[in-house]
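Following: one structure in structure tokens, then a few remarks.
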Amino acid sequence: SGFVVDPAGYIATNRHVVDGAFDVIVTLSDGTRLSGKVIGKGRKYDIALVKVTARKPLQAVEFADSASLKMGDGLVVIGNPYGLGVSVSSGIVSALGRDLGLTHFDRFIQTDAAINHGNSGGPAFGLDGKVVGMSTALYTGGVTKGGSIGIGFAIPSTIARELLEVIREHGYIRVGSFEID
């Protein structure tokens, strides 16, 4: 899954969605298929930027300030669970600032909205229709390998937006003159 962040054809997704890809084919919600190119991605940050060329400008999302989220706020998550096609689920912000030990700067949004395999890279919208996060992980109950049990995680939009801008400019995540994982 992913979402358009710029009408010029820039699409945000998770790094693990495009890792190892030779060809990237993006299928829009209307069924249009476009060839894409990975512009860049983080090593440890699970974020990537893909560029497609379309005949007309694409409809881009608007980002919200995820720092204004509170526990209990409503969310709508869009993705492609198990490759079944576009799907929408809803829930609330269950917790903020979750550290999963995935990066040095974990501050994930936790939600009970269904996030399953295939939702990765999809947007999490606040009830105002603006993106507050990017679906990135789910908890399956420890050793089980199932789907959503009501604990999913999203990269906050304030972090995602900043990292996407850095990737767009440099092709990788960079702070000052140093590349970071």
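Starting from 1 in every chain, residues are counted up; chains themselves are A, B, ... following the order of the structure tokens, and ligands are numbered from 1 as listed.
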Backbone-only DSSP, strand (DSSP E) members of chain A, as a count of residues only: 69
Set out as a Markdown table a contact list for range 32-120 of chain A and range 22-28 of chain A with a cut-off of 9 Å, giving each residue of range 32-120 of chain A that qualifies its closest atom pair and distance in Å to one decimal, counting only C-alpha atoms, ordered by chain and rising residue number.
```
| residue | atom | partner | partner_atom | distance |
| --- | --- | --- | --- | --- |
| A:Thr32 | CA | A:Leu28 | CA | 5.2 |
| A:Arg33 | CA | A:Thr27 | CA | 4.4 |
| A:Leu34 | CA | A:Val26 | CA | 5.1 |
| A:Ser35 | CA | A:Ile25 | CA | 4.7 |
| A:Gly36 | CA | A:Val24 | CA | 5.0 |
| A:Lys37 | CA | A:Val24 | CA | 6.2 |
| A:Val38 | CA | A:Val24 | CA | 7.5 |
| A:Val50 | CA | A:Val24 | CA | 8.3 |
| A:Val52 | CA | A:Val26 | CA | 7.8 |
```
Hey, what's within 7 Å of Ala95 in chain A if we count only C-alpha atoms and toss same-chain stuff fewer than 3 positions away? As a PyMOL selection string, please? chain A and resi 71+98+109-111
Who sits within 8 Å of Gln59 in chain A, only C-alpha atoms, same chain under 3 positions skipped, as an mmCIF file with N, CA and C atoms, in the first residue's frame:
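out_31.cif, freshly written:
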```cif
data_model
loop_
_atom_site.group_PDB
_atom_site.id
_atom_site.type_symbol
_atom_site.label_atom_id
_atom_site.label_comp_id
_atom_site.auth_asym_id
_atom_site.auth_seq_id
_atom_site.Cartn_x
_atom_site.Cartn_y
_atom_site.Cartn_z
ATOM 1 N N VAL A 4 -0.381 8.945 -2.404
ATOM 2 C CA VAL A 4 0.188 10.038 -3.187
ATOM 3 C C VAL A 4 0.424 11.238 -2.274
ATOM 4 N N ASP A 6 2.328 13.977 -3.555
ATOM 5 C CA ASP A 6 2.561 15.123 -4.431
ATOM 6 C C ASP A 6 1.889 14.818 -5.769
ATOM 7 N N PRO A 7 1.098 15.766 -6.300
ATOM 8 C CA PRO A 7 0.405 15.532 -7.577
ATOM 9 C C PRO A 7 1.333 15.186 -8.735
#
```
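Ranking A:Ser94, A:Ser1, A:Ser157, A:Thr53 by their shortest atom-to-atom distance to Asn116 in chain A, with only C-alpha atoms included, puts A:Ser1 first.
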As a ChimeraX atom specification, please: the residues near Gly97 in chain A (cut-off 8 Å, only C-alpha atoms, same-chain neighbours under 6 positions excluded). /A:106-109
Which residues in chain A does DSSP call helix (DSSP H, G or I)? List them as a ChimeraX atom specification. /A:15-18,66-68,81-83,157-170
Can you pull out the residues contacting range 158-169 of chain A? Cut-off 7 Å, using only C-alpha atoms, and skip same-chain residues under 5 positions away; I want them as number ranges by chain. A: 39-41, 49, 65-66, 174
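Residue nearest Ile78 in chain A within the list A:Ile173, A:Ala124, A:Val18, A:Ala12: A:Ala124 [criterion: smallest interatomic distance, only C-alpha atoms].
Here CA of Gly171 in chain A is placed at a distance of 12.8 Å from CA of Tyr10 in chain A.
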